[in-house]
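A.B. asks: Following this message is one structure expressed as structure tokens.
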Protein chains: 2
Amino acid sequence: MAGIAGRGTFEKVIELSARRGFFWPSARDLYPQAPAGFWVYGPLGFRLKEKIVQLWREYILRPEGAVELETPLVLPLKVFEASGHLEHFFDKLVECKRCHSRFRIDKLLEESLDIEESLEAATDEELYEMLLRSGIKCPKCGAFNWTEVKKFNLMFTLPVGAEAEEPNAALRPETTQGSVVEYKRTFTVMRGKLPFIMAQRGRVFRNEISPRRALVRMREFQQLEIHVFFDPEDVSVYEDKIKDLVDYKLRFLKQEDKETGRITEMTVSEALESGYTINALITYWLAIYQKFFNEVIGIPLDHLRYRELGEGERAHYASAHWDLEAYTEDLGWIELVNNAYRTDYDLKGHTRASGVDLSVQTPKGKVVPHLYEPSIGLDRTVLHVLMMAYREDEKRRWLKLPRYLAPIEVAVFPLVSKDGLPEVARELAKKLSRRFETYYDEKDSIGRRYRRMDEVGTPACVTVDYQTLEDGTVTLRDRDTMRQVRVPSEGLEETLEKFLSGAPLESLGAPVA
Amino acid sequence: MAGIAGRGTFEKVIELSARRGFFWPSARDLYPQAPAGFWVYGPLGFRLKEKIVQLWREYILRPEGAVELETPLVLPLKVFEASGHLEHFFDKLVECKRCHSRFRIDKLLEESLDIEESLEAATDEELYEMLLRSGIKCPKCGAFNWTEVKKFNLMFTLPVGAEAEEPNAALRPETTQGSVVEYKRTFTVMRGKLPFIMAQRGRVFRNEISPRRALVRMREFQQLEIHVFFDPEDVSVYEDKIKDLVDYKLRFLKQEDKETGRITEMTVSEALESGYTINALITYWLAIYQKFFNEVIGIPLDHLRYRELGEGERAHYASAHWDLEAYTEDLGWIELVNNAYRTDYDLKGHTRASGVDLSVQTPKGKVVPHLYEPSIGLDRTVLHVLMMAYREDEKRRWLKLPRYLAPIEVAVFPLVSKDGLPEVARELAKKLSRRFETYYDEKDSIGRRYRRMDEVGTPACVTVDYQTLEDGTVTLRDRDTMRQVRVPSEGLEETLEKFLSGAPLESLGAPVA
């Protein structure tokens with residue numbers, strides 16, 4: 001796993017992102033005390049992020065027939081009573097009795113004692129005992145005077161309306177509840193049948209005790225979720241669909257191997273036959289998401305794994321759960337996709353709370369559908385893509401992004417800023433901008449302009465030089481090899497289209513000596 | 001203005017939208033007491049809405065060189081202290097002392113006394129006196145026992161972090177403050193020069209006392225905003241740009257005509273020469289947005305006007321302000337775009353609060369830029385587009401949407417559900433779905449299937465019939481005229497492309513007898 005995302009990459013990507021407009025901490029330039037965990041996507045980060053969303057739509061939603069909808073970010077508290085979030089969605093904290101600082105106890109222990117393994121599954125008593133026994137002092141004031149373990153609900157609640165004295169609504173901590181609450185109407189208006197796939201992209205909010213590591217643990221973040229409602233007694237559609245994937249290899253870290261970290265490779269048919277992945281529908285989706293992150297987002301297979309979550313680690317709604325994780329040296333294995341088999345937990349909860357029958361009619365009778373949900377953490381994916389792409393050598397830094405993910409697709413430069421070259425280059429840039437994300441620049445030496453584009457991952461630089469004035473050709477430069485070819489400016493759109501789809505530079509024109 | 005959006009259209013569009021999946025009230029199917037003012041976009045409404053966003057990007061952001069970014073929805077309270085929202089962003093309410101119901105006093109008066117004109121500019125004392133003098137009773141309990149007028153801040157505030165006892169942040173009530181706070185870094189990372197245009201699309205939140213009229217007054221809604229930062233001493237770029245528009249006619253309702261409703265038509269050059277629209281930059285943007293809503297969104301000019309806001313009506317930050325309003329019989333004139341000249345109010349406010357110099361260097365020296373901001377209410381635009389499109393006669397209902405705005409672009413039907421027609425039709429639908437929003441249906445009679453598509457505004461229906469099996473042709477039906485032509489299924493993509501761009505049906509094939 002050498003060569004990419006090596007030690008130190010995280011800090012470098014954070015610095016580059018703030019300096020070049022990918023992302024940076026919200027409001028801090030003016031108000032350094034602004035709460036942590038909120039981030040701005042600048043123009044380049046915004047485009048990269050939106051390209052990932054478009055790929056998700058193109059490679060997953062559209063071919064799988066998902067219907068996309070948007071539910072509000074503010075939902076009635078009753079929804080979260082029914083979903084169990086009011087009761088179960090909390091972190092455990094301890095407070096220093098002297099300075100009143102509060103800490104997430106599992107993270108405090110993990111960091112103070114340098115424990116690699118997650119303590120999420122430990123009980124309150126176990127955690128408290130560890131804290132006392134190990135004598136950890138308050139990181140803020142140094143006192144050793146802790147309260148008992150307290151529950152801290154992670155939802156932001158709100159009083160909606162002029163008459164509300166108490167909170168009656170909350171900012172959603174996941175998009176799921178919106179889909180669940182609107183499931184039946186959506187199913188009906190779309191004349192749906194099971195399996196039925198709803199999709200939502202959008203922001204969610206969690207009042208994290210300790211936001212950290214930039215886009216990894218945020219208080220406001222973005223999810224790409226699909227909600228697959230299905231009849232657990234009939235997944236025959238997926239038994240058909242999965243036939244094309246039987247030999248595809250899934251990579252698992254099983255519960256029993258969590259100490260050793262040993263990866264188990266299983267083909268789709270092995271996973272299915274062994275019963276490990278429950279049924280054809282879940283197995284299919286595990287394969288599709290691993291393929292998407294590998295083949296479309298570009299994360300090498302040996303940097304991806306499905307970590308099986310044990311009973312104590314799973315969310316309150318899940319009967320089975322795998323995190324699709326990606327690896328970097330700085331961050332270790334980080335969850336990018338939360339894949340939860342929620343069974344009929346959510347729909348039944350809402351029927352109990354509302355009295356509304358949420359079953360649907362199938363040819364075999366009435367069914368309360370089960371729910372399987374792969375949920376992409378979009379921000380973490382952006383961060384990972386940048387970390388995987390980061391390269392440097394003695395001469396330069398560059399982002400080796402998949403060409404189609406680059407926020408600027410093509411830069412157009414006049415070789416020098418005189419003799420009519422800028423006019424020609426500007427005209428060309430204008431033409432290209434109808435089809436590509438195009439950037440025009442004439443300031444500084446051509447070398448510096450190339451470096452600036454390398455640093456933000458622009459795959460193609462087109463330069464207008466004196467020869468252009470004679471024969472209409474321009475140079476096209478490849479970010480990764482820094483090699484150049486000469487190509488006619490007539491028809492440059494088609495040349496660029498091929499290049500961005502992966503054609504090698506040398507296939508497109510004559511090498512520049 | 002007859003013929004479109006006549007009396008009764010609003011109720012019909014609301015009913016149709018809920019039944020067919022454009023939009024409906026959030027969570028109410030399960031929890032009828034869920035707070036009002038929150039709406040779901042179902043699959044069809046979502047697509048219509050996103051198409052409007054794409055058109056905004058294509059016709060405004062891209063040609064004008066705006067840089068799009070995304071700032072968080074949760075911002076530190078300090079930002080809203082500096083922006084004046086904590087002090088000025090409130091509604092006035094009265095409370096019934098008997099039942100403790102609360103009402104927005106201006107709306108209570110307007111409705112009870114049937115006043116057409118807005119009371120937003122009236123003082124507390126004037127409003128209170130009107131209330132007492134007219135003897136309006138509590139609409140809830142019938143008592144006549146009012147408190148004095150109270151201020152009710154419309155922002156949702158939040159305590160962020162485990163140690164926060166009091167709110168230290170708020171949900172943004174406009175996207176503007178995000179752009180303002182991140183303006184300088186964005187300007188720097190993009191190597192910007194003035195005028196510099198930032199753009200944001202996203203959700204905003206206002207704790208309205210009385211949400212109403214569906215997507216018109218919501219508590220959570222969506223804006224498309226551009227933030228034009230410029231040097232008021234130098235708008236020469238816009239003096240050039242505006243040359244192509246000098247004869248374009250702007251439609252204004254001036255302050256002095258607010259009683260009569262008389263529209264003043266002014267060409268761009270008249271508006272500019274008279275000084276009414278301040279400078280070339282503001283005049284240009286007024287023209288561009290009127291053109292966009294007329295020519296791209298499809299609202300006829302006689303249903304559009306710029307209403308000038310008087311001193312008491314303007315937001316606290318604006319020195320000049322026009323609302324671009326659209327007309328329907330049911331709703332009257334409704335603001336779709338808020339166009340505010342915010343001067344240097346925001347940047348100066350943040351410099352005062354933060355101590356950070358927000359001026360930028362220009363060739364002429366240091367400048368604190370001024371801000372001009374056209375802000376589209378996206379949800380209202382969706383509602384208006386649907387109301388303008390609604391048609392009915394004795395036989396059917398249909399949505400006469402601009403073809404390129406339709407959420408389903410083409411439906412594919414087998415004439416009957418046997419004899420191999422469904423297989424051919426499904427194959428064709430699959431092919432078309434790579435390029436168009438495609439819907440396949442084989443249930444019920446062909447007439448009913450056409451009606452279902454008319455009702456959601458699908459411009460093109462393609463039917464596979466027995467002749468298709470012989471010669472490969474299909475019928476193509478126009479939603480608006482219900483006429484059909486026969487066209488080859490080979491090359492159907494190009495035919496549809498032409499049709500969706502506006503080609504008359506008859507130009508595309510032989511009429512069906």
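For the structure tokens, the naming scheme is as follows: chains receive sequential letters (A, B, ...) according to their order of presentation, residues are indexed from 1 within each chain, and ligands are indexed from 1 in presentation order.
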So that I can see what lies close to Arg397 of chain B, please list as a ChimeraX atom specification the residues with an atom at most 9 Å from it, counting only C-alpha atoms and leaving out residues fewer than 6 positions away in the same chain.

C.D. replies: /B:390-391,451,454-455

A.B. asks: Could you please select, counting only C-alpha atoms, the residues of chain A within 7 Å of chain B and state them as a PyMOL selection string?

C.D. replies: chain A and resi 19-21+27+30-31+34-35+38-43+46+67-72+76+101-102+160-163+181-182+186+189+207-209+354+356

A.B. asks: Let me see the file: selected residues, N, CA, C and O atoms, as a short mmCIF file (atom, residue, chain, number, x, y, z; two decimals), in the first residue's frame.

C.D. replies:
data_model
loop_
_atom_site.label_atom_id
_atom_site.label_comp_id
_atom_site.auth_asym_id
_atom_site.auth_seq_id
_atom_site.Cartn_x
_atom_site.Cartn_y
_atom_site.Cartn_z
N ARG A 19 -5.67 26.74 1.11
CA ARG A 19 -4.96 27.73 0.32
C ARG A 19 -5.49 27.84 -1.10
O ARG A 19 -5.49 28.91 -1.69
N ARG A 20 -6.00 26.72 -1.65
CA ARG A 20 -6.43 26.73 -3.04
C ARG A 20 -7.94 26.65 -3.22
O ARG A 20 -8.44 26.58 -4.33
N GLY A 21 -8.68 26.62 -2.12
CA GLY A 21 -10.12 26.73 -2.28
C GLY A 21 -10.88 25.43 -2.42
O GLY A 21 -11.93 25.38 -3.06
N ALA A 27 -16.09 30.31 8.97
CA ALA A 27 -16.16 31.55 9.77
C ALA A 27 -14.91 31.86 10.58
O ALA A 27 -14.82 32.91 11.20
N LEU A 30 -12.69 35.19 10.30
CA LEU A 30 -13.15 36.41 10.99
C LEU A 30 -13.35 36.16 12.48
O LEU A 30 -13.10 37.04 13.29
N TYR A 31 -13.86 34.98 12.81
CA TYR A 31 -14.21 34.69 14.20
C TYR A 31 -13.50 33.42 14.64
O TYR A 31 -14.04 32.32 14.53
N ALA A 34 -15.21 30.56 16.46
CA ALA A 34 -16.40 29.90 15.88
C ALA A 34 -16.36 28.41 16.19
O ALA A 34 -15.29 27.80 16.18
N PRO A 35 -17.50 27.81 16.51
CA PRO A 35 -17.52 26.39 16.88
C PRO A 35 -16.88 25.52 15.80
O PRO A 35 -17.02 25.80 14.61
N PHE A 38 -17.58 22.65 11.44
CA PHE A 38 -18.33 23.20 10.31
C PHE A 38 -17.33 23.65 9.25
O PHE A 38 -16.39 24.38 9.56
N TRP A 39 -17.55 23.24 8.01
CA TRP A 39 -16.56 23.48 6.95
C TRP A 39 -17.22 24.09 5.73
O TRP A 39 -18.37 23.79 5.41
N VAL A 40 -16.43 24.92 5.06
CA VAL A 40 -16.87 25.56 3.81
C VAL A 40 -16.30 24.77 2.63
O VAL A 40 -15.13 24.40 2.66
N TYR A 41 -17.11 24.51 1.61
CA TYR A 41 -16.57 24.07 0.34
C TYR A 41 -16.35 25.28 -0.54
O TYR A 41 -17.32 25.96 -0.91
N GLY A 42 -15.10 25.56 -0.84
CA GLY A 42 -14.79 26.62 -1.78
C GLY A 42 -15.08 26.15 -3.20
O GLY A 42 -15.51 25.01 -3.42
N PRO A 43 -14.85 27.03 -4.18
CA PRO A 43 -15.23 26.71 -5.56
C PRO A 43 -14.68 25.38 -6.08
O PRO A 43 -15.39 24.64 -6.74
N PHE A 46 -16.23 22.38 -4.05
CA PHE A 46 -17.64 22.26 -4.42
C PHE A 46 -17.79 21.45 -5.71
O PHE A 46 -18.60 20.53 -5.79
N VAL A 67 -35.66 6.34 -6.96
CA VAL A 67 -36.34 7.62 -7.11
C VAL A 67 -35.78 8.57 -6.05
O VAL A 67 -35.72 8.25 -4.87
N GLU A 68 -35.37 9.74 -6.52
CA GLU A 68 -34.73 10.69 -5.61
C GLU A 68 -35.77 11.67 -5.10
O GLU A 68 -36.63 12.14 -5.84
N LEU A 69 -35.70 11.98 -3.83
CA LEU A 69 -36.60 12.97 -3.26
C LEU A 69 -35.85 13.80 -2.24
O LEU A 69 -34.67 13.55 -1.96
N GLU A 70 -36.51 14.82 -1.70
CA GLU A 70 -35.89 15.68 -0.70
C GLU A 70 -36.88 15.93 0.42
O GLU A 70 -37.94 16.51 0.18
N THR A 71 -36.52 15.51 1.60
CA THR A 71 -37.37 15.81 2.75
C THR A 71 -36.68 16.90 3.58
O THR A 71 -35.47 17.10 3.44
N PRO A 72 -37.45 17.62 4.40
CA PRO A 72 -36.84 18.72 5.16
C PRO A 72 -35.76 18.27 6.13
O PRO A 72 -35.73 17.11 6.55
N PRO A 76 -40.32 16.77 12.94
CA PRO A 76 -40.94 16.80 14.27
C PRO A 76 -40.22 15.84 15.23
O PRO A 76 -39.77 14.77 14.82
N SER A 101 -15.15 21.34 31.85
CA SER A 101 -14.96 20.84 30.48
C SER A 101 -15.57 19.46 30.36
O SER A 101 -15.59 18.68 31.33
N ARG A 102 -16.08 19.17 29.17
CA ARG A 102 -16.71 17.87 28.95
C ARG A 102 -15.98 17.11 27.86
O ARG A 102 -15.54 17.70 26.87
N VAL A 160 -40.21 25.07 17.28
CA VAL A 160 -40.74 25.63 16.02
C VAL A 160 -42.08 26.28 16.30
O VAL A 160 -42.95 25.67 16.93
N GLY A 161 -42.26 27.51 15.83
CA GLY A 161 -43.53 28.21 16.01
C GLY A 161 -43.44 29.20 17.16
O GLY A 161 -42.64 29.04 18.08
N ALA A 162 -44.28 30.23 17.08
CA ALA A 162 -44.21 31.30 18.07
C ALA A 162 -44.72 30.87 19.44
O ALA A 162 -44.43 31.51 20.44
N GLU A 163 -45.46 29.78 19.47
CA GLU A 163 -46.04 29.37 20.75
C GLU A 163 -45.27 28.25 21.45
O GLU A 163 -45.58 27.88 22.57
N VAL A 181 -40.62 8.15 6.75
CA VAL A 181 -41.90 8.80 7.02
C VAL A 181 -42.67 9.05 5.73
O VAL A 181 -43.90 9.00 5.71
N GLU A 182 -41.97 9.31 4.63
CA GLU A 182 -42.63 9.59 3.35
C GLU A 182 -42.66 8.36 2.44
O GLU A 182 -43.07 8.46 1.28
N THR A 186 -44.66 8.04 -1.27
CA THR A 186 -43.77 7.98 -2.44
C THR A 186 -44.02 6.69 -3.22
O THR A 186 -44.12 6.70 -4.45
N VAL A 189 -47.48 7.23 -5.04
CA VAL A 189 -47.51 8.16 -6.17
C VAL A 189 -46.65 7.65 -7.33
O VAL A 189 -46.93 7.94 -8.49
N ASN A 207 -24.49 16.95 17.07
CA ASN A 207 -23.77 17.81 18.00
C ASN A 207 -22.61 17.04 18.63
O ASN A 207 -22.63 16.72 19.82
N GLU A 208 -21.61 16.75 17.82
CA GLU A 208 -20.46 15.98 18.28
C GLU A 208 -19.78 16.67 19.45
O GLU A 208 -19.60 17.88 19.45
N ILE A 209 -19.35 15.88 20.42
CA ILE A 209 -18.63 16.44 21.56
C ILE A 209 -17.25 16.92 21.12
O ILE A 209 -16.81 17.99 21.51
N SER A 354 -47.62 6.15 15.35
CA SER A 354 -48.61 6.93 14.62
C SER A 354 -49.93 6.21 14.44
O SER A 354 -50.95 6.84 14.12
N VAL A 356 -50.51 4.39 12.00
CA VAL A 356 -50.73 4.26 10.56
C VAL A 356 -50.12 2.94 10.06
O VAL A 356 -48.97 2.62 10.37
#

A.B. asks: Pick the closest to Val367 of chain B from B:Phe499, B:Phe10, B:Phe229, B:Phe436: which is it, counting only C-alpha atoms?

C.D. replies: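 When distances to Val367 of chain B are compared using only C-alpha atoms, the smallest one comes from B:Phe229.
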
A.B. asks: Skip segment 264-269 of chain A itself and residues of its chain fewer than 6 positions away, then list as a PyMOL selection string all residues within 6 Å of it, counting only C-alpha atoms.

C.D. replies: chain A and resi 246-252

A.B. asks: Name the residues of segment 51-204 of chain A that come out as helix (DSSP H, G or I) in a backbone DSSP run; write them as a VMD selection string.

C.D. replies: chain A and resid 51 to 64 77 to 82 85 to 88 105 to 112 124 to 134 176 to 181 183 to 189

A.B. asks: Record the distance separating atom CA of Asp91 of chain A and atom CA of Gln222 of chain A, expressed in Å with one decimal.

C.D. replies: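 Going from atom CA of Asp91 of chain A over to atom CA of Gln222 of chain A covers 20.2 Å.
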
A.B. asks: Measuring atom to atom with only C-alpha atoms, identify which of B:Tyr276, B:Leu496, B:Asp379, B:Arg396 is nearest to Ala214 of chain B.

C.D. replies: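 Looking at the shortest contact to Ala214 of chain B, the residue is B:Asp379.
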
A.B. asks: Pull the strand (DSSP E) assignments for segment 27-273 of chain A out of DSSP run on the backbone, and list those residues as JSON, numbers by chain.

C.D. replies: {"A": [39, 40, 41, 67, 68, 74, 75, 76, 90, 91, 92, 93, 94, 95, 102, 103, 104, 150, 151, 152, 153, 157, 158, 169, 170, 171, 196, 197, 198, 199, 200, 201, 202, 203, 204, 205, 220, 221, 222, 223, 224, 225, 226, 227, 228, 229, 230, 249, 250, 251, 252, 253, 264, 265, 266, 267]}

A.B. asks: For segment 137-141 of chain A, find every residue with an atom within 8 Å (counting only C-alpha atoms), except residues of its own chain fewer than 3 positions away, and show them as a list in words.

C.D. replies: Cys96, Arg98, Cys99, Ser101, Phe144 and Asn145 of chain A

A.B. asks: Once you have the residues from the selection above, write them out as an mmCIF file, in the first residue's frame, restricted to N, CA, C and O atoms.

C.D. replies:
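Dumped to result-v3.cif:
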data_model
loop_
_atom_site.group_PDB
_atom_site.id
_atom_site.type_symbol
_atom_site.label_atom_id
_atom_site.label_comp_id
_atom_site.auth_asym_id
_atom_site.auth_seq_id
_atom_site.Cartn_x
_atom_site.Cartn_y
_atom_site.Cartn_z
ATOM 1 N N CYS A 96 -15.321 17.436 33.917
ATOM 2 C CA CYS A 96 -14.365 17.776 34.965
ATOM 3 C C CYS A 96 -15.094 18.659 35.973
ATOM 4 O O CYS A 96 -15.639 19.706 35.596
ATOM 5 N N ARG A 98 -13.932 20.484 38.231
ATOM 6 C CA ARG A 98 -13.288 21.764 38.493
ATOM 7 C C ARG A 98 -13.554 22.778 37.385
ATOM 8 O O ARG A 98 -14.110 23.835 37.637
ATOM 9 N N CYS A 99 -13.209 22.436 36.108
ATOM 10 C CA CYS A 99 -13.309 23.463 35.053
ATOM 11 C C CYS A 99 -14.544 23.285 34.173
ATOM 12 O O CYS A 99 -14.761 24.062 33.248
ATOM 13 N N SER A 101 -15.154 21.337 31.850
ATOM 14 C CA SER A 101 -14.957 20.844 30.476
ATOM 15 C C SER A 101 -15.569 19.458 30.359
ATOM 16 O O SER A 101 -15.587 18.685 31.326
ATOM 17 N N PHE A 144 -8.064 15.902 38.727
ATOM 18 C CA PHE A 144 -8.556 14.521 38.653
ATOM 19 C C PHE A 144 -9.810 14.462 39.498
ATOM 20 O O PHE A 144 -9.803 14.083 40.658
ATOM 21 N N ASN A 145 -10.902 14.920 38.916
ATOM 22 C CA ASN A 145 -12.134 15.074 39.676
ATOM 23 C C ASN A 145 -13.308 14.986 38.707
ATOM 24 O O ASN A 145 -13.834 15.994 38.248
#

A.B. asks: Rounded to one decimal in Å, what is the spacing between atom CA of Tyr341 of chain A and atom CA of Ala326 of chain A?

C.D. replies: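 We find that atom CA of Tyr341 of chain A and atom CA of Ala326 of chain A lie 20.6 Å from each other.
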
A.B. asks: Name the closest residue to Val456 of chain B among the candidates B:Pro504, B:Gly377, B:Pro407, B:Pro511; distances are taken between atoms, counting only C-alpha atoms.

C.D. replies: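 So, comparing all the options, the nearest one is B:Pro407.
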
A.B. asks: Using atom CA of Thr381 of chain B and atom CA of Leu272 of chain B as the two end points, give the distance in Å to one decimal.

C.D. replies: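 Rounded to one decimal, the two atoms are 27.9 Å apart.
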